[in-house]
Structure formats: C-alpha cells, structure tokens
Amino acid sequence: MVHRRKFIQVSAWGSLGLFFNKQAVGSNINEALKGQPVVISTWDAGLEANKAAWEILGKGGRALDAVEKGVMVTEASRNCCVGLGANPDRDGFVTLDACIMDEFSNCGSVAFLERIKHPVSVARKVMEKTPHVMLVGAGAQQFALAEGFPLEEQKLSPEAEASYQEWLLKSEYRPPVINVENKGHGPFAPARLSNGEWNHDTIGMVAMDTKGNLSGSCTTSGAGFKMRGRVGDSPIIGAGLFVDNEVGACTATGQGEDVIRVAGSHSVVELMRQGLPPEAACKKVIERIVKIKKEKAKNIQVGFLALNKKGIAGAYAIHPGFKYALKNGQQEILMEAKSYFAE
Ligand code: GLY
C-alpha cells in the first residue's frame, strides 16, 4: 500500500509576501499557519467556495457566516452533485440535503428538500428559528417558503437532463457503485465546470475565525439516480458534519451510507479529542470503513476533511483523487489527500 499527498496548486501573496514551495506545502503547511483564521472545503469546487467564505473570515467575521456563504456558491453553480442543477433521483427530481453547525453545538439540517436553491440557508433557519435540528421533504419546503425562500422552477439543468436520459436507457435500480476513474455522469461522477475544473459530490466546509471559533456546513444532491426519498450522510449531524468547538470539526464526502454506518465526522472529531492529529484521525475512520466493507471497499470512495482547534487541517480517503481546498490570509491551495489504496 502506498500513501501519497499531492500538492495541486499554490497561490501565495499579500502583505507577508510568503511563498510556499512544493515541499513546504506538502510537509508542514498547516504547522506554519496554525492559529490563524482558515477555511477548508472538499473538492475543486472548494476553491471558489473558500473565496466567498474568506470575504467574511478575512474581515474578522464569524465562522458560521463564512461556512454558509461559502457553500452557497457551489449550491448556485451548475454541477453534478450540489444544488438544483445537479443530477436527479431515479424519478427525475432533484432532492437536496444540507446541514450546518456552529461553535455552540447549535445545528440545523434539511433533507429531501425540493425546489429551494439554498438548502444550507434553510438548514441555518431550522437551527436558529425552530426547536428542532432536522426537517425533511414537504415539511422542510413548507418551512422554507414560510421563511421567504422562493420556490424555484422544477426543471433539470441541460447537463442533468442529458445525464438522466442516459441513465434511463438502462435504469439500473441498484445502489451506486463509485468508480473513482469514472469521469462520466454516473452516481457521484465528477462533472466538468464552466471554468474547466472538475467538481465532485458533496461540498463540506469547516472554518475557524479570528476568535478561534469553529463552524461547518455540508450540502449535496446526494447520489445521482438514487431511490426517491434516499438521504445520505450530508444532512446528518455526526455523519456528514460534526463540530466541537473545544476539539475540532470534520466533514465527509463520498458514499454516504458508509459514512453514516461509522458516524464518520463525529468519530473523526472524537479521535482528535483523544489527541490524534486531523489526518491521522481521518485515516483511522477510513480504515474502519475499509475493514467493514472488505472487498467492496475497492468500489467506494469516502473522504474525510478535518480541522483541529489549532487550525491544523488534515484529510484522508479510501481512494486517491480526493482533493480539498484550503484558504487563509496568505494562501489559497488545492491539496490531494492521502488514501488507503494506492493509485
Ligand atoms: N455524500 C453524499 C451522499 O452520500 O449523499
């Protein structure tokens, strides 16, 4: 088994005039920058999302506001797996899942939500305006409308329509199997964005603000062509996202069923509480999933991305290819996580 972590892109600038070369970034980037505000998020789409989050963090704003605004960028973009432009379920409807959690362990979540552009913002309203944590389906939509969110047209994006028509040719009613080499339109398949980047699956984001407070968000359309009513890990506090302001925060991406069965993000945070660095904590939970799944682990991808209270980030995935974006006052980078299986 060979592990690797790849540096993908560095942009360094600003008043400190810092430049991080490949080796510095690959080895101890997070050590050098610990204690500063920072935002991390999953996949290539995280680069743009982090920019929006930084508009808040960079001005001394609250991490909670940053993680909401950040992932709203991805929700509004047209891609395979987040927001209303994403692939539909097998009945042709886009259904969205999202959650958010703050430094006080307040949390809110929506699942199986239709025709609302920003599920993460509805999740925040659930957190702030209801005595509940989670609303689903018609009830979540009813709440969103009562809160003034517009009801969007029920129409697939051209890309999603094309993917759906292609899927209908076989209409294979099976749980998704992730082929990490697949660049097509399958469940969880990466999709090409207008800027040429590949976007993939869920966006999960965690941030630490100038006060050292942590918050996180997670939003997705889930597995493409899923069974109607299927909900993955992303809206489930403790699975797709968990924040403990004394310890750290974690978010997950990939096959939600396998994140849920190990209470993934919560497990990573608990391992950090026991003293493990973020990457090691993510690795332990990935190993737990691989152990449970045995041979089937070869066909699924799960990635965890964590940030501890010192501002140190770490990630780990089952397969190579899981990228995460990091932004702080000095730099904006895309990293590839180490993984259980070698390429
Ligand atoms: N991680 C996204 C999902 O399983 O729905």
# chains A, B, ... in the order shown; residues from 1 in each chain; ligands from 1
>>> residues_near_ligand(ligand="ligand 1", cutoff="6 Å", atoms="only C-alpha atoms and all ligand atoms", output="list in words")
Thr202, Gly222, Ala223, Gly232, Asp233, Ser234, Thr253, Gly254, Gln255 and Gly256 of chain A
>>> write_last_selection(atoms="all heavy atoms", output="PDB file, in the first residue's frame")
ATOM      1  N   THR A 202     -20.352  15.970  -2.802  1.00  0.00           N
ATOM      2  CA  THR A 202     -20.737  16.928  -1.780  1.00  0.00           C
ATOM      3  C   THR A 202     -19.737  18.067  -1.651  1.00  0.00           C
ATOM      4  O   THR A 202     -18.559  17.865  -1.870  1.00  0.00           O
ATOM      5  CB  THR A 202     -20.713  16.160  -0.436  1.00  0.00           C
ATOM      6  OG1 THR A 202     -21.475  14.985  -0.589  1.00  0.00           O
ATOM      7  CG2 THR A 202     -21.212  16.993   0.708  1.00  0.00           C
ATOM      8  N   GLY A 222     -26.780  14.523  -3.224  1.00  0.00           N
ATOM      9  CA  GLY A 222     -26.660  13.094  -2.933  1.00  0.00           C
ATOM     10  C   GLY A 222     -26.311  12.290  -4.174  1.00  0.00           C
ATOM     11  O   GLY A 222     -25.893  12.832  -5.201  1.00  0.00           O
ATOM     12  N   ALA A 223     -26.488  11.017  -4.085  1.00  0.00           N
ATOM     13  CA  ALA A 223     -26.155  10.130  -5.198  1.00  0.00           C
ATOM     14  C   ALA A 223     -27.101  10.370  -6.365  1.00  0.00           C
ATOM     15  O   ALA A 223     -28.322  10.387  -6.183  1.00  0.00           O
ATOM     16  CB  ALA A 223     -26.279   8.684  -4.736  1.00  0.00           C
ATOM     17  N   GLY A 232     -28.550  10.747   2.277  1.00  0.00           N
ATOM     18  CA  GLY A 232     -27.187  10.295   2.574  1.00  0.00           C
ATOM     19  C   GLY A 232     -26.685  10.852   3.891  1.00  0.00           C
ATOM     20  O   GLY A 232     -27.459  11.186   4.795  1.00  0.00           O
ATOM     21  N   ASP A 233     -25.374  10.958   3.979  1.00  0.00           N
ATOM     22  CA  ASP A 233     -24.748  11.419   5.221  1.00  0.00           C
ATOM     23  C   ASP A 233     -24.763  12.931   5.389  1.00  0.00           C
ATOM     24  O   ASP A 233     -24.698  13.435   6.514  1.00  0.00           O
ATOM     25  CB  ASP A 233     -23.281  10.961   5.250  1.00  0.00           C
ATOM     26  CG  ASP A 233     -22.486  11.535   4.076  1.00  0.00           C
ATOM     27  OD1 ASP A 233     -22.985  11.465   2.933  1.00  0.00           O
ATOM     28  OD2 ASP A 233     -21.384  12.063   4.296  1.00  0.00           O
ATOM     29  N   SER A 234     -24.854  13.644   4.265  1.00  0.00           N
ATOM     30  CA  SER A 234     -24.575  15.089   4.309  1.00  0.00           C
ATOM     31  C   SER A 234     -25.458  15.899   5.258  1.00  0.00           C
ATOM     32  O   SER A 234     -24.965  16.848   5.868  1.00  0.00           O
ATOM     33  CB  SER A 234     -24.655  15.681   2.902  1.00  0.00           C
ATOM     34  OG  SER A 234     -23.724  15.039   2.080  1.00  0.00           O
ATOM     35  N   THR A 253     -17.249  13.327   2.523  1.00  0.00           N
ATOM     36  CA  THR A 253     -17.721  13.273   1.135  1.00  0.00           C
ATOM     37  C   THR A 253     -17.635  11.823   0.660  1.00  0.00           C
ATOM     38  O   THR A 253     -16.896  11.023   1.223  1.00  0.00           O
ATOM     39  CB  THR A 253     -16.874  14.192   0.249  1.00  0.00           C
ATOM     40  OG1 THR A 253     -17.371  14.140  -1.093  1.00  0.00           O
ATOM     41  CG2 THR A 253     -15.406  13.808   0.252  1.00  0.00           C
ATOM     42  N   GLY A 254     -18.410  11.514  -0.363  1.00  0.00           N
ATOM     43  CA  GLY A 254     -18.376  10.143  -0.885  1.00  0.00           C
ATOM     44  C   GLY A 254     -19.647   9.389  -0.539  1.00  0.00           C
ATOM     45  O   GLY A 254     -20.703   9.989  -0.324  1.00  0.00           O
ATOM     46  N   GLN A 255     -19.525   8.084  -0.512  1.00  0.00           N
ATOM     47  CA  GLN A 255     -20.717   7.241  -0.363  1.00  0.00           C
ATOM     48  C   GLN A 255     -21.301   7.370   1.050  1.00  0.00           C
ATOM     49  O   GLN A 255     -20.783   6.799   2.010  1.00  0.00           O
ATOM     50  CB  GLN A 255     -20.386   5.798  -0.683  1.00  0.00           C
ATOM     51  CG  GLN A 255     -21.616   4.909  -0.695  1.00  0.00           C
ATOM     52  CD  GLN A 255     -21.493   3.791  -1.709  1.00  0.00           C
ATOM     53  OE1 GLN A 255     -21.377   4.025  -2.897  1.00  0.00           O
ATOM     54  NE2 GLN A 255     -21.528   2.570  -1.239  1.00  0.00           N
ATOM     55  N   GLY A 256     -22.426   8.091   1.112  1.00  0.00           N
ATOM     56  CA  GLY A 256     -22.989   8.477   2.398  1.00  0.00           C
ATOM     57  C   GLY A 256     -23.354   7.327   3.303  1.00  0.00           C
ATOM     58  O   GLY A 256     -23.198   7.406   4.525  1.00  0.00           O
TER      59      GLY A 256
END
>>> select_by_dssp(residues="segment 113-264 of chain A", states="alpha helix (DSSP H)", output="number ranges by chain")
A: 119-129, 137-146, 158-170, 256-260, 264
>>> closest_residue(among="A:Gln301, A:Thr95, A:Ser221, A:Ser265", to="Gly238 of chain A", atoms="only C-alpha atoms")
A:Ser265
>>> residues_around(residues="Asp97 of chain A", least_positions_apart="5", cutoff="8 Å", atoms="only C-alpha atoms", output="count of residues only")
14
>>> closest_residue(among="A:Val262, A:Met205, A:Leu47, A:Ile116", to="Gly137 of chain A", atoms="only C-alpha atoms")
A:Ile116
>>> closest_residue(among="A:Asn245, A:Asn50, A:Asn308, A:Asn106", to="Lys327 of chain A", atoms="only C-alpha atoms")
A:Asn50
>>> atom_distance(atom1="atom CA of Gly70 of chain A", atom2="atom CA of Leu96 of chain A")
16.9 Å
>>> select_by_dssp(residues="segment 198-258 of chain A", states="strand (DSSP E)", output="PyMOL selection string")
chain A and resi 198-199+203-208+214-220+241-244+248-254
>>> atom_distance(atom1="atom CA of Gly311 of chain A", atom2="atom CA of Gly58 of chain A")
14.9 Å
>>> residues_around(residues="segment 272-288 of chain A", least_positions_apart="6", cutoff="7 Å", atoms="only C-alpha atoms", output="PyMOL selection string")
chain A and resi 247+264+304+306-308+313-318
>>> closest_residue(among="A:Ala146, A:Val94, A:Ala325, A:Cys218", to="Glu161 of chain A", atoms="only C-alpha atoms")
A:Val94
>>> closest_residue(among="A:Val122, A:Met101, A:Val73, A:Met208", to="Lys310 of chain A", atoms="only C-alpha atoms")
A:Met208
